[in-house]
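Undergrad: The structure is given below, and queries will be raised subsequently.
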Amino acid sequence: MSTYKSDVEAVDALASAYKELKKEIGKVIVGQDEVVKSVIISLFGNGHSLLVGVPGLAKTLLVSTIAEVLDLGFKRIQFTPDLMPSDITGSEILDEDRHFKFNKGPLFSNIVLADEINRTPPKTQAALLEAMQERSVTVAGTRHVLPAPFFVLATQNPIEQEGTYPLPEAQLDRFMFNIPLDYPSYQEEISVVKSTTGAEKVALKHILNDTQILAFQQLVRKIPVSDNVLEYAVSLATKTRPGTERATQKVNDYISWGAGPRASQYLVLGAKCHAAVSGKYSPDIEDVRAIANYVLRHRIVRNYKAEAEGVTEEMIIKGLF
């Protein structure tokens with residue numbers, strides 16, 4: 001980071017930028033502090049996030065607000081059963097000189113909101129997931145690189161499952177975080193209604209730009225992690241695998257499939273970001289625990305016994321600490 005004398009100074013800058021981001025986003029989004037924090041952490045960790053919540057919890061507003069304060073390009077794609085891969089990646093068209101020209105789709109943006117990702121068929125889901133993984137799309141045999149930073153926020157409605165195409169485990173694994181959204185508290189809802197039913201318009205300041213975000217993403221990678229924290233993160237992921245020596249009794253009883261190695265990587269990256277936004281220069285075990293639920297909840301598959309007895313992913317993850 002050329003503008004800072006040292007990495008320590010850069011981490012201080014990241015922590016203060018995070019405080020400013022939260023304050024600015026708070027002008028529009030009431031409450032949801034943990035959700036905002038998690039989304040920003042996954043952005044600095046260069047990962048994608050899946051937001052799970054019922055309709056009307058301001059998921060779209062949250063994402064567009066974050067894009068605005070970060071001064072990034074933002075596109076929203078409404079996923080529907082008839083959406084084709086070319087509708088999101090773009091397609092080759094014949095121009096007036098009879099030459100093929102690539103017409104970019106809505107994926108060519110810094111922040112892409114994939115609204116109701118489970119409403120679209122697997123073929124279109126796969127096109128989005130290729131872009132998330134490779135940071136590029138291939139159309140008619142030609143690879144087109146997506147802009148950097150590139151960040152996908154997908155939303156999923158957990159209640160209305162009719163006519164949906166649930167994401168397979170291998171595709172869910174592409175998301176760094178799975179972030180649950182809950183209803184606001186009574187007081188928060190009063191503030192929401194007050195601010196959204198009046199005539200007042202909120203003007204948002206740009207806090208960071210794309211160059212600064214890319215520099216912070218690089219910085220996060222350089223943050224040192226002590227061996228005991230690294231081992232704790234890996235042991236947390238390995239404990240979720242039923243039938244292995246580290247698995248807990250609860251895991252063996254209630255889980256049919258555990259988290260893969262990508263979970264360990266994201267636990268460490270997420271802990272680094274969590275430490276940095278909290279003003280710490282190296283993560284500790286508490287930082288790993290703070291983000292463990294978001295990293296692991298979509299990477300473990302409960303069995304019938306767990307569903308019958310009402311044992312949730314959160315309960316199982318808490319039992320691993």
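By convention in this document, the chains of the structure tokens carry letters A, B, ... by their order, each chain's residues are numbered from 1, and ligands are numbered from 1 in the order they are shown.
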Show me, as a tab-separated table, the residues of region 147-257 of chain A having an atom within 10 Å of region 109-122 of chain A, each with the closest atom pair and its distance in Å, using only C-alpha atoms.
TA:
residue	atom	partner	partner_atom	distance
A:Pro147	CA	A:Asn110	CA	6.1
A:Ala148	CA	A:Asn110	CA	6.3
A:Pro149	CA	A:Asn110	CA	5.6
A:Phe150	CA	A:Asn110	CA	4.5
A:Phe151	CA	A:Ile111	CA	4.9
A:Val152	CA	A:Val112	CA	4.9
A:Leu153	CA	A:Leu113	CA	5.0
A:Ala154	CA	A:Ala114	CA	4.4
A:Thr155	CA	A:Glu116	CA	5.1
A:Gln156	CA	A:Glu116	CA	4.8
A:Asn157	CA	A:Glu116	CA	6.5
A:Pro158	CA	A:Asn118	CA	9.8
A:Gln161	CA	A:Asn118	CA	8.8
A:Glu162	CA	A:Arg119	CA	9.2
A:Gly163	CA	A:Arg119	CA	7.0
A:Thr164	CA	A:Arg119	CA	4.7
A:Tyr165	CA	A:Asn118	CA	5.0
A:Pro166	CA	A:Asn118	CA	5.3
A:Leu167	CA	A:Asn118	CA	6.4
A:Pro168	CA	A:Pro122	CA	9.0
A:Gln171	CA	A:Pro122	CA	10.0
A:Asp210	CA	A:Asn110	CA	8.5
Undergrad: May I have the residues from that selection written out with C-alpha atoms, as an mmCIF file, in the first residue's frame?
TA:
data_model
loop_
_atom_site.group_PDB
_atom_site.id
_atom_site.type_symbol
_atom_site.label_atom_id
_atom_site.label_comp_id
_atom_site.auth_asym_id
_atom_site.auth_seq_id
_atom_site.Cartn_x
_atom_site.Cartn_y
_atom_site.Cartn_z
ATOM 1 C CA PRO A 147 -13.918 -5.683 -13.458
ATOM 2 C CA ALA A 148 -12.026 -5.686 -10.147
ATOM 3 C CA PRO A 149 -13.091 -5.636 -7.392
ATOM 4 C CA PHE A 150 -15.875 -8.077 -8.237
ATOM 5 C CA PHE A 151 -18.310 -9.026 -5.529
ATOM 6 C CA VAL A 152 -21.530 -11.064 -5.759
ATOM 7 C CA LEU A 153 -24.221 -10.709 -3.127
ATOM 8 C CA ALA A 154 -26.940 -13.277 -3.693
ATOM 9 C CA THR A 155 -30.239 -13.286 -1.830
ATOM 10 C CA GLN A 156 -32.439 -16.236 -1.015
ATOM 11 C CA ASN A 157 -35.937 -16.315 0.437
ATOM 12 C CA PRO A 158 -36.089 -19.171 2.971
ATOM 13 C CA GLN A 161 -39.709 -22.851 -1.740
ATOM 14 C CA GLU A 162 -42.263 -23.686 -4.427
ATOM 15 C CA GLY A 163 -40.834 -23.432 -7.928
ATOM 16 C CA THR A 164 -37.263 -22.944 -6.715
ATOM 17 C CA TYR A 165 -33.998 -24.625 -7.665
ATOM 18 C CA PRO A 166 -31.997 -25.022 -4.434
ATOM 19 C CA LEU A 167 -28.263 -24.395 -4.830
ATOM 20 C CA PRO A 168 -26.258 -27.632 -4.668
ATOM 21 C CA GLN A 171 -22.203 -24.185 -5.489
ATOM 22 C CA ASP A 210 -12.042 0.623 -6.205
#
Undergrad: So that I can check the secondary structure, give me every residue of region 79-319 of chain A assigned alpha helix (DSSP H) by backbone DSSP, as an NGL selection string.
TA: :A and (85-89 or 122-134 or 169-172 or 186-196 or 210-222 or 227-238 or 249-254 or 261-277 or 285-296 or 304-308 or 313-318)
Undergrad: Here is a test: counting only C-alpha atoms, which residue of A:Asn209, A:Asn293, A:Ser64, A:Thr138 is nearest to Ala17 (chain A)?
TA: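 Result for the nearest residue to Ala17 (chain A): A:Asn209.
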Undergrad: Please, what distance in Å, to one decimal, runs between CA of Phe216 (chain A) and CA of Lys272 (chain A)?
TA: 11.6 Å
Undergrad: Output as a ChimeraX atom specification all residues of region 221-306 of chain A that backbone DSSP marks as strand (DSSP E).
TA: /A:255-257,301-302
